[in-house]
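Asks: Sharing a structure below in structure tokens format, with a few things to ask.
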Amino acid sequence: AVLLKKFGLLEQAVDYAMESGAFTHAFELTRVGLKSKLPDVHLKYAMFLEDEGRFADAEAEFIKADKPKEAIDMYVHQQDWIGAMRVAENYDPSSVLDVQLAQAKACVERKEWSKAEAMFLKAKRPEAAIRMYQDCRMWEQALRVAADYLPSKVQEIHIEIQAQMGGGTGNSASGGNGGGGGGGHECVVRARQLEQEGNYAGAVDALLELTTAATSDLDALEAAWESAVKL
């Protein structure tokens with residue numbers, strides 16, 4: 001190492017050792033005469049360990065290299081949310097939100113709507129949960145989250161429901177369950193929301209808004225009026 005340093009070849013020797021996978025030798029060389037290179041060696045070693053599937057060891061090396069974000073990304077890629085959150089909380093608190101959102105998006109991809117909603121809310125992103133339900137035409141859920149966490153979005157959702165339903169003859173507004181009976185009309189969706197909140201008078205009023213002026217579907221009208229009588 002002394003001779004390598006004397007002839008200005010120490011850094012090249014360290015690089016060669018890393019490329020050859022001889023990390024023990026690379027560490028020895030840096031500690032003897034090139035300590036400024038030590039974080040690079042830890043980083044390269046961490047990436048090597050990650051490729052080998054030795055994630056706990058890789059995490060330790062990423063931390064030594066002062067690269068906690070890379071350790072977090074590694075765990076996110078593996079969908080090891082516990083590991084990702086642990087590193088974020090201990091070494092990079094600004095990444096906690098990123099981990100929560102990544103976990104929520106993974107739940108969306110698996111169609112685990114309730115889990116995704118919980119993670120979006122934990123990340124203080126109710127608008128993301130609402131948009132998820134809107135994209136899936138799960139109007140009742142979208143209205144529920146909006147009413148609880150973002151009331152300013154409720155009217156916007158009602159407008160979108162009306163546009164999607166095109167007069168009340170479209171598909172169900174509760175995420176694809178069943179088609180008939182007017183279940184997809186905005187009035188019915190709003191009535192269900194009010195019923196869940198215990199506002200039965202409001203639910204009845206909403207159901208009675210479904211008239212021949214709103215839809216030509218007589219079955220939908222009959223179902224809505226029967227529901228109003230039961231309430």
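Chain lettering (A, B, ...) mirrors the order of the structure tokens, residue numbering begins at 1 for each chain separately, and ligand numbering begins at 1 in order of display.
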Could you give me, as a PyMOL selection string, the residues within 10 Å of Gln141 (chain A), counting only C-alpha atoms and dropping anything in the same chain fewer than 5 positions from it?
Replies: chain A and resi 113-114+117+129-130+132-134+146-147+173-175+189+193
Asks: Report, in Å to a single decimal, how far apart CA of Gln164 (chain A) and CA of Gly198 (chain A) are.
Replies: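 Separation between CA of Gly198 (chain A) and CA of Gln164 (chain A): 26.8 Å.
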Asks: Any idea what the distance is between CA of Ser152 (chain A) and CA of Trp139 (chain A)?
Replies: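 If I compute the distance from CA of Ser152 (chain A) to CA of Trp139 (chain A), I get 15.5 Å.
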Asks: With a distance cut-off of 7 Å and only C-alpha atoms, select the neighbouring residues of region 91-95 of chain A, excluding the residue or stretch itself and same-chain residues fewer than 4 positions from it, and output the selection as a short mmCIF file (atom, residue, chain, number, x, y, z; two decimals) with all heavy atoms, in the first residue's frame.
Replies:
```cif
data_model
loop_
_atom_site.label_atom_id
_atom_site.label_comp_id
_atom_site.auth_asym_id
_atom_site.auth_seq_id
_atom_site.Cartn_x
_atom_site.Cartn_y
_atom_site.Cartn_z
N PRO A 68 -28.56 6.06 3.54
CA PRO A 68 -29.76 5.37 4.04
C PRO A 68 -30.86 5.28 2.98
O PRO A 68 -31.63 4.31 2.97
CB PRO A 68 -30.19 6.21 5.23
CG PRO A 68 -29.61 7.57 4.97
CD PRO A 68 -28.30 7.30 4.29
N VAL A 87 -35.45 1.85 8.70
CA VAL A 87 -34.31 2.65 8.24
C VAL A 87 -34.72 4.11 8.09
O VAL A 87 -33.98 5.02 8.48
CB VAL A 87 -33.76 2.11 6.90
CG1 VAL A 87 -32.64 3.01 6.38
CG2 VAL A 87 -33.23 0.68 7.08
N VAL A 99 -42.09 5.99 1.97
CA VAL A 99 -42.32 4.56 2.25
C VAL A 99 -43.81 4.29 2.39
O VAL A 99 -44.33 3.30 1.83
CB VAL A 99 -41.58 4.14 3.54
CG1 VAL A 99 -41.93 2.69 3.90
CG2 VAL A 99 -40.07 4.26 3.35
#
```
Asks: Might you pull out every residue within 9 Å of region 59-66 of chain A, with only C-alpha atoms counted and same-chain residues fewer than 6 positions away left off, and present them as JSON, numbers by chain?
Replies: {"A": [38, 39, 40, 41, 42, 43, 44, 45, 46, 47, 49, 50, 72, 74, 75, 87, 91]}
Asks: CA of Phe55 (chain A) and CA of Tyr16 (chain A), how far apart in Å?
Replies: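 Pair CA of Tyr16 (chain A) / CA of Phe55 (chain A) returns 24.2 Å.
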Asks: As an mmCIF file with N, CA, C and O atoms, in the first residue's frame, please: every residue in region 57-93 of chain A that a backbone DSSP assignment puts in alpha helix (DSSP H).
Replies:
```cif
data_model
loop_
_atom_site.group_PDB
_atom_site.id
_atom_site.type_symbol
_atom_site.label_atom_id
_atom_site.label_comp_id
_atom_site.auth_asym_id
_atom_site.auth_seq_id
_atom_site.Cartn_x
_atom_site.Cartn_y
_atom_site.Cartn_z
ATOM 1 N N ASP A 57 -27.071 -7.317 5.760
ATOM 2 C CA ASP A 57 -25.669 -6.898 5.639
ATOM 3 C C ASP A 57 -25.554 -5.692 4.710
ATOM 4 O O ASP A 57 -24.764 -4.773 4.960
ATOM 5 N N ALA A 58 -26.341 -5.704 3.642
ATOM 6 C CA ALA A 58 -26.316 -4.577 2.700
ATOM 7 C C ALA A 58 -26.780 -3.302 3.392
ATOM 8 O O ALA A 58 -26.194 -2.225 3.206
ATOM 9 N N GLU A 59 -27.834 -3.416 4.206
ATOM 10 C CA GLU A 59 -28.323 -2.248 4.947
ATOM 11 C C GLU A 59 -27.209 -1.640 5.791
ATOM 12 O O GLU A 59 -27.009 -0.409 5.790
ATOM 13 N N ALA A 60 -26.485 -2.491 6.509
ATOM 14 C CA ALA A 60 -25.406 -2.005 7.375
ATOM 15 C C ALA A 60 -24.352 -1.242 6.578
ATOM 16 O O ALA A 60 -23.857 -0.193 7.014
ATOM 17 N N GLU A 61 -24.031 -1.748 5.405
ATOM 18 C CA GLU A 61 -23.013 -1.093 4.575
ATOM 19 C C GLU A 61 -23.535 0.217 3.975
ATOM 20 O O GLU A 61 -22.793 1.196 3.869
ATOM 21 N N PHE A 62 -24.810 0.231 3.592
ATOM 22 C CA PHE A 62 -25.398 1.483 3.087
ATOM 23 C C PHE A 62 -25.338 2.564 4.170
ATOM 24 O O PHE A 62 -25.045 3.733 3.877
ATOM 25 N N ILE A 63 -25.615 2.176 5.411
ATOM 26 C CA ILE A 63 -25.582 3.132 6.518
ATOM 27 C C ILE A 63 -24.153 3.634 6.730
ATOM 28 O O ILE A 63 -23.923 4.838 6.935
ATOM 29 N N LYS A 64 -23.192 2.734 6.678
ATOM 30 C CA LYS A 64 -21.788 3.135 6.839
ATOM 31 C C LYS A 64 -21.349 4.072 5.715
ATOM 32 O O LYS A 64 -20.483 4.924 5.908
ATOM 33 N N PRO A 68 -28.561 6.061 3.544
ATOM 34 C CA PRO A 68 -29.757 5.366 4.037
ATOM 35 C C PRO A 68 -30.862 5.276 2.983
ATOM 36 O O PRO A 68 -31.630 4.307 2.974
ATOM 37 N N LYS A 69 -30.930 6.266 2.094
ATOM 38 C CA LYS A 69 -31.973 6.245 1.062
ATOM 39 C C LYS A 69 -31.852 5.012 0.182
ATOM 40 O O LYS A 69 -32.862 4.424 -0.219
ATOM 41 N N GLU A 70 -30.599 4.595 -0.112
ATOM 42 C CA GLU A 70 -30.397 3.403 -0.932
ATOM 43 C C GLU A 70 -30.876 2.150 -0.194
ATOM 44 O O GLU A 70 -31.436 1.237 -0.810
ATOM 45 N N ALA A 71 -30.680 2.119 1.122
ATOM 46 C CA ALA A 71 -31.164 0.984 1.908
ATOM 47 C C ALA A 71 -32.691 0.958 1.902
ATOM 48 O O ALA A 71 -33.313 -0.109 1.778
ATOM 49 N N ILE A 72 -33.301 2.121 2.020
ATOM 50 C CA ILE A 72 -34.761 2.214 1.983
ATOM 51 C C ILE A 72 -35.289 1.737 0.634
ATOM 52 O O ILE A 72 -36.242 0.944 0.565
ATOM 53 N N ASP A 73 -34.665 2.204 -0.439
ATOM 54 C CA ASP A 73 -35.083 1.795 -1.785
ATOM 55 C C ASP A 73 -34.955 0.282 -1.965
ATOM 56 O O ASP A 73 -35.792 -0.349 -2.620
ATOM 57 N N MET A 74 -33.906 -0.279 -1.396
ATOM 58 C CA MET A 74 -33.699 -1.738 -1.476
ATOM 59 C C MET A 74 -34.876 -2.467 -0.825
ATOM 60 O O MET A 74 -35.447 -3.405 -1.404
ATOM 61 N N TYR A 75 -35.251 -2.031 0.366
ATOM 62 C CA TYR A 75 -36.346 -2.689 1.067
ATOM 63 C C TYR A 75 -37.685 -2.440 0.378
ATOM 64 O O TYR A 75 -38.545 -3.331 0.330
ATOM 65 N N VAL A 76 -37.891 -1.255 -0.156
ATOM 66 C CA VAL A 76 -39.126 -0.958 -0.892
ATOM 67 C C VAL A 76 -39.241 -1.874 -2.107
ATOM 68 O O VAL A 76 -40.314 -2.409 -2.398
ATOM 69 N N HIS A 77 -38.124 -2.057 -2.804
ATOM 70 C CA HIS A 77 -38.105 -2.952 -3.971
ATOM 71 C C HIS A 77 -38.494 -4.371 -3.568
ATOM 72 O O HIS A 77 -39.171 -5.088 -4.322
ATOM 73 N N TRP A 81 -41.684 -3.696 4.052
ATOM 74 C CA TRP A 81 -42.092 -2.388 4.565
ATOM 75 C C TRP A 81 -41.576 -2.130 5.974
ATOM 76 O O TRP A 81 -41.296 -0.980 6.342
ATOM 77 N N ILE A 82 -41.438 -3.186 6.755
ATOM 78 C CA ILE A 82 -40.921 -3.028 8.112
ATOM 79 C C ILE A 82 -39.469 -2.555 8.063
ATOM 80 O O ILE A 82 -39.077 -1.619 8.769
ATOM 81 N N GLY A 83 -38.682 -3.193 7.201
ATOM 82 C CA GLY A 83 -37.289 -2.797 7.056
ATOM 83 C C GLY A 83 -37.157 -1.383 6.521
ATOM 84 O O GLY A 83 -36.354 -0.590 7.018
ATOM 85 N N ALA A 84 -37.942 -1.074 5.511
ATOM 86 C CA ALA A 84 -37.888 0.258 4.908
ATOM 87 C C ALA A 84 -38.251 1.336 5.928
ATOM 88 O O ALA A 84 -37.590 2.374 6.024
ATOM 89 N N MET A 85 -39.317 1.081 6.708
ATOM 90 C CA MET A 85 -39.749 2.072 7.687
ATOM 91 C C MET A 85 -38.739 2.210 8.818
ATOM 92 O O MET A 85 -38.499 3.331 9.314
ATOM 93 N N ARG A 86 -38.134 1.099 9.224
ATOM 94 C CA ARG A 86 -37.144 1.165 10.299
ATOM 95 C C ARG A 86 -35.960 2.053 9.908
ATOM 96 O O ARG A 86 -35.526 2.922 10.673
ATOM 97 N N VAL A 87 -35.447 1.846 8.701
ATOM 98 C CA VAL A 87 -34.314 2.648 8.235
ATOM 99 C C VAL A 87 -34.719 4.112 8.086
ATOM 100 O O VAL A 87 -33.981 5.022 8.476
ATOM 101 N N ALA A 88 -35.914 4.333 7.532
ATOM 102 C CA ALA A 88 -36.377 5.711 7.338
ATOM 103 C C ALA A 88 -36.508 6.440 8.668
ATOM 104 O O ALA A 88 -36.041 7.574 8.824
ATOM 105 N N GLU A 89 -37.143 5.797 9.629
ATOM 106 C CA GLU A 89 -37.362 6.449 10.925
ATOM 107 C C GLU A 89 -36.049 6.725 11.657
ATOM 108 O O GLU A 89 -35.901 7.750 12.316
ATOM 109 N N ASN A 90 -35.082 5.806 11.521
ATOM 110 C CA ASN A 90 -33.827 5.935 12.263
ATOM 111 C C ASN A 90 -32.778 6.806 11.576
ATOM 112 O O ASN A 90 -31.964 7.446 12.253
ATOM 113 N N TYR A 91 -32.782 6.810 10.235
ATOM 114 C CA TYR A 91 -31.689 7.468 9.528
ATOM 115 C C TYR A 91 -32.105 8.539 8.520
ATOM 116 O O TYR A 91 -31.295 9.374 8.141
#
```
Asks: Select, from A:Glu109, A:Leu150, A:Lys115, A:Glu11, the residue with the minimum atom-to-atom distance to Glu127 (chain A), counting only C-alpha atoms.
Replies: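 That would be A:Leu150, the residue with the smallest distance to Glu127 (chain A).
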Asks: Pick out the residues sitting within 8 Å of region 118-124 of chain A, and hand them over as a list in words; count only C-alpha atoms, and ignore anything fewer than 2 positions along from it in its own chain.
Replies: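 With the cut-off at 8 Å, the set is Leu97, Gln100, Leu101, Gln103, Ala104, Ser114, Lys115, Ala116, Pro126, Ala128 and Ala129 of chain A.
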